[in-house]
file start21.cif (mmCIF, C-alpha atoms)
data_upload
#
loop_
_atom_site.label_atom_id
_atom_site.label_comp_id
_atom_site.auth_asym_id
_atom_site.auth_seq_id
_atom_site.Cartn_x
_atom_site.Cartn_y
_atom_site.Cartn_z
CA MET A 1 -10.47 0.57 9.24
CA LYS A 2 -12.58 0.65 6.07
CA ASP A 3 -10.53 3.56 4.73
CA PHE A 4 -7.25 1.89 5.61
CA LYS A 5 -8.31 -1.31 3.85
CA LYS A 6 -9.42 0.57 0.76
CA GLY A 7 -6.04 2.30 0.73
CA LEU A 8 -4.23 -1.02 0.99
CA ILE A 9 -6.23 -2.44 -1.92
CA ASP A 10 -5.63 0.64 -4.06
CA GLY A 11 -1.94 0.30 -3.25
CA ILE A 12 -1.61 -3.25 -4.60
CA PRO A 13 -1.22 -2.43 -8.29
CA ILE A 14 1.16 0.42 -7.40
CA ALA A 15 3.27 -1.93 -5.30
CA LEU A 16 3.40 -4.50 -8.11
CA GLY A 17 4.54 -1.87 -10.56
CA TYR A 18 7.13 -0.60 -8.08
CA ILE A 19 8.63 -4.03 -7.53
CA SER A 20 9.53 -4.28 -11.19
CA VAL A 21 11.00 -0.78 -11.41
CA SER A 22 12.90 -0.92 -8.12
CA PHE A 23 14.22 -4.35 -9.09
CA THR A 24 16.04 -2.61 -11.93
CA PHE A 25 17.26 0.04 -9.52
CA GLY A 26 18.67 -2.64 -7.21
CA LEU A 27 20.44 -4.35 -10.11
CA GLN A 28 21.91 -1.08 -11.32
CA ALA A 29 23.00 0.08 -7.86
CA ILE A 30 24.98 -3.13 -7.35
CA SER A 31 26.55 -2.94 -10.77
CA THR A 32 27.76 0.59 -10.03
CA GLY A 33 29.46 -0.52 -6.82
CA LEU A 34 26.98 0.11 -4.00
CA THR A 35 26.24 -2.60 -1.46
CA TRP A 36 22.79 -4.15 -1.15
CA TRP A 37 21.98 -2.30 2.08
CA GLU A 38 23.03 1.02 0.55
CA ALA A 39 20.66 0.42 -2.35
CA VAL A 40 17.86 -0.55 0.02
CA MET A 41 18.43 2.52 2.21
CA ILE A 42 18.27 4.82 -0.81
CA SER A 43 14.95 3.31 -1.86
CA PHE A 44 13.47 3.32 1.62
CA MET A 45 14.39 6.94 2.30
CA ASN A 46 13.65 8.45 -1.11
CA LEU A 47 10.74 6.49 -2.58
CA THR A 48 11.16 8.02 -6.01
CA SER A 49 12.27 6.55 -9.32
CA ALA A 50 13.78 9.17 -11.61
CA GLY A 51 15.50 10.97 -8.74
CA GLN A 52 17.18 7.82 -7.46
CA PHE A 53 18.51 6.78 -10.85
CA ALA A 54 19.90 10.28 -11.36
CA GLY A 55 21.35 10.24 -7.84
CA LEU A 56 23.13 6.99 -8.59
CA ASP A 57 24.91 8.61 -11.53
CA ILE A 58 26.16 11.43 -9.33
CA MET A 59 27.31 9.09 -6.55
CA LEU A 60 29.33 7.18 -9.12
CA ARG A 61 31.54 10.20 -9.69
CA GLY A 62 32.73 10.15 -6.09
CA GLY A 63 32.42 12.82 -3.40
CA GLY A 64 32.14 16.58 -3.78
CA PHE A 65 29.11 17.03 -6.02
CA TRP A 66 26.87 17.97 -3.12
CA ILE A 67 25.22 20.99 -4.68
CA GLU A 68 24.69 19.24 -7.96
CA MET A 69 23.02 16.39 -6.10
CA ALA A 70 20.70 18.80 -4.28
CA CYS A 71 19.79 20.71 -7.47
CA THR A 72 19.19 17.55 -9.48
CA GLN A 73 16.89 16.13 -6.86
CA PHE A 74 15.10 19.44 -6.54
CA ILE A 75 14.39 19.78 -10.25
CA ILE A 76 13.49 16.15 -10.91
CA ASN A 77 11.22 16.03 -7.88
CA LEU A 78 9.68 19.48 -8.15
CA ARG A 79 6.56 17.90 -9.59
CA TYR A 80 5.89 16.48 -6.11
CA ALA A 81 5.41 20.03 -4.87
CA LEU A 82 2.55 20.47 -7.34
CA MET A 83 1.10 17.12 -6.31
CA SER A 84 1.39 17.92 -2.61
CA LEU A 85 -0.40 21.18 -3.18
CA SER A 86 -3.15 19.45 -5.09
CA LEU A 87 -3.45 16.64 -2.53
CA SER A 88 -3.58 19.17 0.31
CA GLN A 89 -6.89 20.31 -1.19
CA LYS A 90 -8.22 16.75 -1.35
CA ALA A 91 -7.30 15.69 2.20
CA ASP A 92 -10.05 15.81 4.82
CA LYS A 93 -9.87 17.16 8.38
CA SER A 94 -8.26 14.00 9.76
CA VAL A 95 -5.06 14.85 7.85
CA LYS A 96 -3.58 17.35 10.31
CA GLY A 97 -0.53 18.00 12.49
CA MET A 98 2.01 15.19 12.47
CA HIS A 99 -0.02 13.29 9.89
CA ARG A 100 0.85 15.96 7.33
CA TRP A 101 4.58 15.54 7.99
CA LEU A 102 4.34 11.74 7.84
CA ILE A 103 2.01 11.34 4.88
CA SER A 104 3.86 13.81 2.68
CA PHE A 105 6.85 11.43 2.71
CA GLY A 106 4.78 9.00 0.66
CA ILE A 107 3.48 11.30 -2.07
CA THR A 108 4.66 9.71 -5.30
CA ASP A 109 3.28 10.12 -8.82
CA GLU A 110 1.24 6.96 -8.55
CA ILE A 111 0.05 7.33 -4.95
CA PHE A 112 -0.95 10.89 -5.69
CA ALA A 113 -2.77 9.94 -8.86
CA VAL A 114 -4.75 7.13 -7.30
CA SER A 115 -5.62 9.15 -4.18
CA ILE A 116 -6.84 12.05 -6.26
CA GLY A 117 -8.96 9.65 -8.33
CA ASN A 118 -11.20 8.98 -5.29
CA ASN A 119 -14.62 10.56 -5.10
CA GLY A 120 -14.67 13.22 -2.41
CA GLU A 121 -12.05 13.78 0.25
CA VAL A 122 -9.51 11.26 1.51
CA SER A 123 -8.68 10.53 5.16
CA ASN A 124 -5.33 9.95 6.87
CA LYS A 125 -6.11 6.23 7.26
CA TYR A 126 -6.69 5.89 3.53
CA LEU A 127 -3.43 7.67 2.79
CA TYR A 128 -1.41 5.51 5.20
CA GLY A 129 -3.01 2.44 3.64
CA ILE A 130 -2.17 3.44 0.11
CA ILE A 131 1.43 4.35 1.00
CA LEU A 132 2.27 1.16 2.95
CA LEU A 133 2.41 -1.53 0.25
CA PRO A 134 4.10 0.62 -2.41
CA LEU A 135 6.79 1.58 0.13
CA LEU A 136 7.34 -2.10 0.96
CA GLY A 137 7.23 -3.03 -2.72
CA TRP A 138 9.69 -0.31 -3.66
CA THR A 139 12.13 -1.23 -0.89
CA GLY A 140 11.64 -4.99 -1.25
CA GLY A 141 12.00 -4.87 -5.03
CA THR A 142 15.30 -3.03 -4.59
CA LEU A 143 16.48 -5.73 -2.20
CA LEU A 144 15.48 -8.49 -4.62
CA GLY A 145 17.21 -6.78 -7.52
CA ALA A 146 20.34 -6.15 -5.46
CA ALA A 147 20.54 -9.51 -3.72
CA ALA A 148 19.31 -12.00 -6.22
CA GLY A 149 19.86 -10.59 -9.68
CA ASN A 150 17.63 -12.56 -11.94
CA ILE A 151 14.90 -14.15 -9.87
CA LEU A 152 12.22 -13.30 -12.39
CA PRO A 153 12.73 -14.28 -16.00
CA SER A 154 13.44 -11.10 -17.93
CA VAL A 155 10.36 -11.55 -20.11
CA VAL A 156 8.14 -11.39 -17.00
CA ARG A 157 10.06 -8.41 -15.60
CA ASP A 158 9.74 -6.55 -18.90
CA SER A 159 6.02 -7.24 -19.07
CA LEU A 160 5.48 -5.89 -15.54
CA GLY A 161 6.92 -2.58 -16.71
CA ILE A 162 3.57 -1.61 -18.24
CA ALA A 163 1.64 -2.08 -14.96
CA ILE A 164 2.06 1.50 -13.79
CA TYR A 165 0.95 2.92 -17.12
CA GLY A 166 -2.06 0.63 -17.21
CA MET A 167 -3.09 2.17 -13.90
CA PHE A 168 -2.59 5.67 -15.20
CA ILE A 169 -4.81 4.90 -18.17
CA ALA A 170 -7.45 3.49 -15.83
CA ILE A 171 -7.40 6.81 -13.95
CA ILE A 172 -7.43 9.09 -17.00
CA VAL A 173 -9.92 7.43 -19.34
CA PRO A 174 -13.18 7.33 -17.34
CA PRO A 175 -13.24 11.07 -16.45
CA ALA A 176 -11.93 12.02 -19.91
CA LYS A 177 -14.82 10.09 -21.43
CA LYS A 178 -17.36 12.15 -19.47
CA ASN A 179 -15.69 15.55 -19.42
CA PRO A 180 -14.48 16.96 -22.77
CA ALA A 181 -12.35 19.59 -21.00
CA ILE A 182 -10.33 16.91 -19.21
CA PHE A 183 -9.99 15.06 -22.50
CA LYS A 184 -8.55 18.16 -24.20
CA VAL A 185 -6.15 18.89 -21.36
CA VAL A 186 -4.86 15.31 -21.46
CA ILE A 187 -4.39 15.39 -25.25
CA ILE A 188 -2.46 18.68 -25.04
CA SER A 189 -0.25 17.28 -22.30
CA ILE A 190 0.44 14.10 -24.29
CA LEU A 191 1.29 16.05 -27.45
CA LEU A 192 3.70 18.28 -25.53
CA SER A 193 5.31 15.27 -23.88
CA CYS A 194 5.81 13.60 -27.27
CA ILE A 195 7.33 16.78 -28.68
CA PHE A 196 9.85 16.82 -25.82
CA LYS A 197 10.66 13.19 -26.47
CA TRP A 198 11.31 13.39 -30.18
CA MET A 199 12.08 17.02 -31.09
CA PRO A 200 15.83 17.68 -31.47
CA VAL A 201 17.27 19.98 -28.76
CA LEU A 202 14.10 19.70 -26.66
CA ASN A 203 14.82 16.01 -26.09
CA TYR A 204 17.76 17.04 -23.90
CA VAL A 205 15.41 18.39 -21.25
CA SER A 206 15.38 16.03 -18.25
CA SER A 207 12.30 13.90 -17.77
CA GLY A 208 11.36 15.50 -14.45
CA PHE A 209 11.35 18.93 -16.08
CA VAL A 210 9.36 17.71 -19.08
CA ILE A 211 6.59 16.53 -16.80
CA ILE A 212 6.48 19.88 -15.02
CA ILE A 213 6.43 21.88 -18.26
CA CYS A 214 3.74 19.74 -19.89
CA THR A 215 1.63 19.81 -16.75
CA VAL A 216 1.85 23.54 -16.15
CA ILE A 217 1.07 24.44 -19.78
CA SER A 218 -1.81 22.04 -20.32
CA ALA A 219 -3.44 22.52 -16.91
CA SER A 220 -3.15 26.32 -17.34
CA ILE A 221 -4.82 26.10 -20.74
CA GLY A 222 -7.55 24.06 -19.10
CA ALA A 223 -7.93 26.56 -16.27
CA ILE A 224 -8.09 29.53 -18.65
CA PHE A 225 -10.44 28.11 -21.27
CA PHE A 226 -12.53 25.74 -19.18
CA PRO A 227 -12.61 27.17 -15.65
CA VAL A 228 -14.22 24.82 -13.18
CA LYS A 229 -17.51 26.14 -11.84
CA GLU A 230 -18.32 26.15 -8.15
CA GLU A 231 -19.63 23.02 -6.49
CA LYS A 232 -18.67 20.82 -9.40
CA GLU A 233 -16.57 17.81 -8.53
CA MET B 1 32.03 3.93 -2.53
CA ILE B 2 33.41 5.65 0.57
CA ILE B 3 30.91 5.38 3.42
CA SER B 4 31.03 9.05 4.47
CA ASN B 5 30.39 10.11 0.89
CA PHE B 6 27.53 7.67 0.64
CA PHE B 7 25.81 9.01 3.74
CA SER B 8 26.33 12.64 2.73
CA TYR B 9 24.74 11.95 -0.64
CA LEU B 10 21.97 9.88 0.91
CA PHE B 11 20.95 12.62 3.33
CA ILE B 12 21.09 15.32 0.65
CA MET B 13 18.93 13.23 -1.70
CA ALA B 14 16.43 12.16 0.91
CA GLY B 15 16.30 15.62 2.54
CA VAL B 16 15.65 17.56 -0.67
CA THR B 17 13.13 15.00 -1.92
CA TYR B 18 11.28 15.05 1.39
CA LEU B 19 11.13 18.83 1.75
CA VAL B 20 9.84 19.25 -1.81
CA ARG B 21 6.97 16.95 -0.85
CA ALA B 22 6.34 18.04 2.69
CA LEU B 23 6.43 21.85 2.60
CA PRO B 24 3.52 22.44 0.21
CA PHE B 25 1.49 19.75 1.99
CA VAL B 26 2.10 21.19 5.43
CA ILE B 27 1.76 24.85 4.46
CA PHE B 28 -1.47 24.71 2.44
CA ARG B 29 -4.08 23.65 4.96
CA GLY B 30 -7.02 25.82 4.03
CA ARG B 31 -9.14 25.59 0.93
CA ILE B 32 -7.99 27.70 -2.01
CA GLU B 33 -10.75 29.95 -3.42
CA ASN B 34 -9.14 31.44 -6.54
CA THR B 35 -10.93 30.04 -9.63
CA PHE B 36 -7.82 29.79 -11.78
CA ILE B 37 -5.83 27.93 -9.14
CA LYS B 38 -8.75 25.68 -8.33
CA SER B 39 -9.25 24.87 -12.00
CA PHE B 40 -5.51 24.37 -12.47
CA LEU B 41 -5.39 21.92 -9.58
CA TYR B 42 -8.49 20.18 -10.94
CA TYR B 43 -6.87 19.51 -14.33
CA MET B 44 -3.35 18.99 -13.04
CA PRO B 45 -3.53 15.28 -12.12
CA TYR B 46 -4.79 14.33 -15.57
CA ALA B 47 -2.16 16.48 -17.24
CA VAL B 48 0.61 14.88 -15.14
CA LEU B 49 -0.61 11.39 -15.91
CA GLY B 50 -0.94 12.11 -19.62
CA ALA B 51 2.61 13.43 -19.79
CA MET B 52 3.98 10.55 -17.74
CA THR B 53 2.16 7.85 -19.69
CA PHE B 54 2.93 9.05 -23.20
CA PRO B 55 5.25 8.32 -24.83
CA ALA B 56 6.88 6.40 -21.93
CA ILE B 57 4.39 3.52 -22.15
CA LEU B 58 5.75 2.66 -25.60
CA PHE B 59 9.12 1.81 -24.05
CA SER B 60 7.79 0.10 -20.94
CA THR B 61 8.01 -3.57 -21.96
CA GLY B 62 11.20 -3.64 -23.98
CA ASN B 63 9.22 -4.23 -27.17
CA TYR B 64 7.04 -1.82 -29.17
CA ILE B 65 4.56 -4.45 -30.28
CA SER B 66 3.78 -5.72 -26.79
CA SER B 67 3.69 -2.15 -25.43
CA VAL B 68 1.16 -1.06 -28.05
CA ALA B 69 -0.91 -4.20 -27.51
CA GLY B 70 -0.91 -3.59 -23.75
CA LEU B 71 -1.81 0.06 -24.33
CA ILE B 72 -4.79 -0.84 -26.50
CA VAL B 73 -6.09 -3.44 -24.06
CA ALA B 74 -5.63 -1.02 -21.15
CA CYS B 75 -7.58 1.69 -22.98
CA LEU B 76 -10.43 -0.70 -23.79
CA ALA B 77 -10.62 -1.97 -20.21
CA ALA B 78 -10.43 1.59 -18.84
CA PHE B 79 -13.14 2.70 -21.25
CA LYS B 80 -15.35 0.00 -19.75
CA GLU B 81 -14.43 1.50 -16.34
CA LYS B 82 -12.68 -1.56 -14.93
CA SER B 83 -10.76 -1.06 -11.66
CA LEU B 84 -7.11 0.02 -11.59
CA LEU B 85 -5.85 -3.41 -10.64
CA ILE B 86 -7.83 -5.14 -13.41
CA VAL B 87 -6.65 -2.69 -16.07
CA ALA B 88 -3.04 -3.07 -14.91
CA ILE B 89 -3.25 -6.87 -14.90
CA PHE B 90 -4.85 -6.95 -18.36
CA ALA B 91 -2.09 -4.71 -19.71
CA CYS B 92 0.69 -6.83 -18.14
CA PHE B 93 -0.86 -10.08 -19.25
CA THR B 94 -1.27 -8.85 -22.82
CA ALA B 95 2.31 -7.62 -22.88
CA LEU B 96 3.55 -10.92 -21.46
CA VAL B 97 1.69 -12.99 -24.05
CA ILE B 98 2.98 -10.86 -26.92
CA ASN B 99 6.52 -10.88 -25.50
CA LEU B 100 6.42 -14.69 -25.26
CA VAL B 101 5.11 -14.97 -28.81
CA CYS B 102 7.87 -12.64 -30.00
CA MET B 103 10.46 -14.81 -28.19
CA LEU B 104 9.22 -17.94 -29.94
CA TYR B 105 9.22 -16.50 -33.46
#
call {"tool": "encode", "arguments": {"input": "start21.cif", "output": "structure tokens"}}
result
Amino acid sequence: MKDFKKGLIDGIPIALGYISVSFTFGLQAISTGLTWWEAVMISFMNLTSAGQFAGLDIMLRGGGFWIEMACTQFIINLRYALMSLSLSQKADKSVKGMHRWLISFGITDEIFAVSIGNNGEVSNKYLYGIILLPLLGWTGGTLLGAAAGNILPSVVRDSLGIAIYGMFIAIIVPPAKKNPAIFKVVIISILLSCIFKWMPVLNYVSSGFVIIICTVISASIGAIFFPVKEEKE
Amino acid sequence: MIISNFFSYLFIMAGVTYLVRALPFVIFRGRIENTFIKSFLYYMPYAVLGAMTFPAILFSTGNYISSVAGLIVACLAAFKEKSLLIVAIFACFTALVINLVCMLY
């Protein structure tokens, strides 16, 4: 139970951040002609931000773009494959059999990042705990956005948008402070990401791809120049 | 939107997204020994987070000034090793205050 509770607590800031983002998704889904329950089903079954917004655009065009839908989701969400692989190395022995199939549904950027920030291995109870509230927040936020439009004043909604990034910073900074190699890898990744944002031509690359490219390049540089020694956490 | 189209799209989206997540997690059960891959996986989370945070955080509150203020406060709180929730709340609160000030003036 201790693990489950710790997971729940770690999931609170993620859930708060998700409510604000999925609220926007709900609003947008309604404005493009979906019903509230369609929007909620998309959120509940996908639990992903960039992929859902892209999926909405394709749905708008009507039927027939099945392959394009599959490819778009594959590329935007390919980063989850890297995260799953990484998390598979962090999970302890309790994460086996059916648990693997169930837990993998809930691997998002934020849930992955927070789980991986734990000292030592993580158990299945912790992972269920950390997935639960964000899943509810993501689905519930979509419902709120779809059903009620402007419940929150926009200034509050806008301000909540930074919650997720605040969490990311809280995960990155402490280890980067202690380990210069992590610091360098992060800086390289940030520089690459900024180049993709502002460099002409490169700024056409989709955001899911940008994250993959930045991650693969900077983590490879880290692995080549600062290989991690045995038995070092 | 036609219902049959909606469900076809929904199942394609959800199916692809799920398999991308599940297959690596289900397939890789053992511990990986290769030093490069281990090191890569060690640095990967920080690289992902760096790329996802910057420059996106600058556009996260609808206002550069409040985003930058929230960013600075978050970095200071994180440097002092505050918990995730505290850092997130500080960042939101800072952004909210600056956004309100910007609305008034």
call {"tool": "resolve_selection", "arguments": {"input": "start21.cif", "expression": "the PyMOL selection byres ((chain A) within 6 of (chain B))", "output": "VMD selection string"}}
result
chain A and resid 13 45 to 46 63 80 to 81 84 to 86 88 100 104 to 105 158 to 163 165 to 167 170 173 186 189 to 190 193 to 194 211 215 219 to 220 223 227 to 228
call {"tool": "atom_distance", "arguments": {"input": "start21.cif", "atom1": "atom CA of Leu27 of chain A", "atom2": "atom CA of Ala15 of chain A"}}
result
18.0 Å
call {"tool": "atom_distance", "arguments": {"input": "start21.cif", "atom1": "atom CA of Gly33 of chain A", "atom2": "atom CA of Ile14 of chain A"}}
result
28.3 Å
call {"tool": "resolve_selection", "arguments": {"input": "start21.cif", "expression": "the PyMOL selection byres ((chain A and resi 93) around 12)", "output": "PyMOL selection string"}}
result
(chain A and resi 88-92+94-97+99-100+121-125) or (chain B and resi 29-31)
call {"tool": "atom_distance", "arguments": {"input": "start21.cif", "atom1": "atom CA of Phe4 of chain A", "atom2": "atom CA of Leu133 of chain A"}}
result
11.6 Å
call {"tool": "axis_aligned_box", "arguments": {"input": "start21.cif", "around": "segment 61-72 of chain A", "padding_each_side": "5 Å", "output": "JSON"}}
result
{"center_x": 26.0, "center_y": 15.6, "center_z": -6.4, "size_x": 23.5, "size_y": 20.8, "size_z": 16.6}
call {"tool": "residues_around", "arguments": {"input": "start21.cif", "residues": "Lys184 of chain A", "least_positions_apart": "4", "cutoff": "8 Å", "atoms": "only C-alpha atoms", "output": "count of residues only"}}
result
3
call {"tool": "closest_residue", "arguments": {"input": "start21.cif", "among": "A:Tyr204, A:Phe225, A:Trp198, A:Tyr128", "to": "Asp3 of chain A", "atoms": "only C-alpha atoms"}}
result
A:Tyr128
call {"tool": "closest_residue", "arguments": {"input": "start21.cif", "among": "A:Thr35, A:Ser218, A:Ser206, A:Ser43", "to": "Asn77 of chain A", "atoms": "all atoms listed in the file"}}
result
A:Ser206
call {"tool": "closest_residue", "arguments": {"input": "start21.cif", "among": "A:Asn203, A:Gly120, A:Trp36, A:Ile9", "to": "Leu144 of chain A", "atoms": "only C-alpha atoms"}}
result
A:Trp36
call {"tool": "closest_residue", "arguments": {"input": "start21.cif", "among": "A:Lys5, A:Ser22, A:Gln28, A:Asp109", "to": "Leu136 of chain A", "atoms": "only C-alpha atoms"}}
result
A:Ser22
call {"tool": "decode", "arguments": {"input": "start21.cif", "residues": "segment 17-36 of chain A", "atoms": "N, CA, C and O atoms", "output": "mmCIF file, in the first residue's frame"}}
result
data_model
loop_
_atom_site.group_PDB
_atom_site.id
_atom_site.type_symbol
_atom_site.label_atom_id
_atom_site.label_comp_id
_atom_site.auth_asym_id
_atom_site.auth_seq_id
_atom_site.Cartn_x
_atom_site.Cartn_y
_atom_site.Cartn_z
ATOM 1 N N GLY A 17 -1.725 19.067 -14.162
ATOM 2 C CA GLY A 17 -1.275 19.561 -15.460
ATOM 3 C C GLY A 17 -2.144 19.021 -16.588
ATOM 4 O O GLY A 17 -2.490 19.737 -17.522
ATOM 5 N N TYR A 18 -2.524 17.739 -16.471
ATOM 6 C CA TYR A 18 -3.323 17.114 -17.527
ATOM 7 C C TYR A 18 -4.701 17.742 -17.649
ATOM 8 O O TYR A 18 -5.247 17.850 -18.741
ATOM 9 N N ILE A 19 -5.289 18.100 -16.489
ATOM 10 C CA ILE A 19 -6.626 18.691 -16.553
ATOM 11 C C ILE A 19 -6.615 19.920 -17.453
ATOM 12 O O ILE A 19 -7.485 20.085 -18.300
ATOM 13 N N SER A 20 -5.576 20.746 -17.287
ATOM 14 C CA SER A 20 -5.568 21.977 -18.078
ATOM 15 C C SER A 20 -5.361 21.699 -19.567
ATOM 16 O O SER A 20 -5.968 22.341 -20.419
ATOM 17 N N VAL A 21 -4.498 20.724 -19.879
ATOM 18 C CA VAL A 21 -4.244 20.435 -21.298
ATOM 19 C C VAL A 21 -5.448 19.736 -21.935
ATOM 20 O O VAL A 21 -5.877 20.071 -23.038
ATOM 21 N N SER A 22 -6.023 18.756 -21.215
ATOM 22 C CA SER A 22 -7.125 17.994 -21.803
ATOM 23 C C SER A 22 -8.391 18.846 -21.880
ATOM 24 O O SER A 22 -9.257 18.609 -22.721
ATOM 25 N N PHE A 23 -8.483 19.850 -21.010
ATOM 26 C CA PHE A 23 -9.568 20.816 -21.092
ATOM 27 C C PHE A 23 -9.576 21.448 -22.491
ATOM 28 O O PHE A 23 -10.616 21.525 -23.141
ATOM 29 N N THR A 24 -8.390 21.865 -22.919
ATOM 30 C CA THR A 24 -8.271 22.455 -24.255
ATOM 31 C C THR A 24 -8.633 21.444 -25.329
ATOM 32 O O THR A 24 -9.261 21.786 -26.328
ATOM 33 N N PHE A 25 -8.240 20.189 -25.111
ATOM 34 C CA PHE A 25 -8.588 19.152 -26.087
ATOM 35 C C PHE A 25 -10.106 18.998 -26.184
ATOM 36 O O PHE A 25 -10.663 18.917 -27.279
ATOM 37 N N GLY A 26 -10.773 18.983 -25.015
ATOM 38 C CA GLY A 26 -12.233 18.857 -25.005
ATOM 39 C C GLY A 26 -12.901 20.008 -25.762
ATOM 40 O O GLY A 26 -13.789 19.795 -26.584
ATOM 41 N N LEU A 27 -12.434 21.216 -25.471
ATOM 42 C CA LEU A 27 -12.973 22.400 -26.158
ATOM 43 C C LEU A 27 -12.826 22.252 -27.660
ATOM 44 O O LEU A 27 -13.757 22.469 -28.436
ATOM 45 N N GLN A 28 -11.602 21.865 -28.076
ATOM 46 C CA GLN A 28 -11.312 21.807 -29.507
ATOM 47 C C GLN A 28 -12.096 20.687 -30.195
ATOM 48 O O GLN A 28 -12.575 20.858 -31.315
ATOM 49 N N ALA A 29 -12.238 19.559 -29.501
ATOM 50 C CA ALA A 29 -12.971 18.434 -30.087
ATOM 51 C C ALA A 29 -14.415 18.827 -30.373
ATOM 52 O O ALA A 29 -14.966 18.519 -31.435
ATOM 53 N N ILE A 30 -15.030 19.532 -29.429
ATOM 54 C CA ILE A 30 -16.413 19.982 -29.616
ATOM 55 C C ILE A 30 -16.501 20.963 -30.772
ATOM 56 O O ILE A 30 -17.383 20.870 -31.623
ATOM 57 N N SER A 31 -15.536 21.884 -30.816
ATOM 58 C CA SER A 31 -15.620 22.910 -31.855
ATOM 59 C C SER A 31 -15.375 22.325 -33.244
ATOM 60 O O SER A 31 -15.748 22.916 -34.246
ATOM 61 N N THR A 32 -14.767 21.135 -33.322
ATOM 62 C CA THR A 32 -14.588 20.522 -34.634
ATOM 63 C C THR A 32 -15.699 19.524 -34.945
ATOM 64 O O THR A 32 -15.632 18.820 -35.941
ATOM 65 N N GLY A 33 -16.705 19.421 -34.083
ATOM 66 C CA GLY A 33 -17.886 18.646 -34.442
ATOM 67 C C GLY A 33 -18.027 17.283 -33.780
ATOM 68 O O GLY A 33 -18.930 16.533 -34.103
ATOM 69 N N LEU A 34 -17.121 16.933 -32.872
ATOM 70 C CA LEU A 34 -17.314 15.672 -32.141
ATOM 71 C C LEU A 34 -18.293 15.904 -30.986
ATOM 72 O O LEU A 34 -18.506 17.036 -30.550
ATOM 73 N N THR A 35 -18.887 14.820 -30.499
ATOM 74 C CA THR A 35 -19.743 14.946 -29.320
ATOM 75 C C THR A 35 -18.879 14.824 -28.072
ATOM 76 O O THR A 35 -17.717 14.417 -28.150
ATOM 77 N N TRP A 36 -19.476 15.153 -26.911
ATOM 78 C CA TRP A 36 -18.677 15.117 -25.678
ATOM 79 C C TRP A 36 -18.197 13.707 -25.366
ATOM 80 O O TRP A 36 -17.059 13.497 -24.936
#
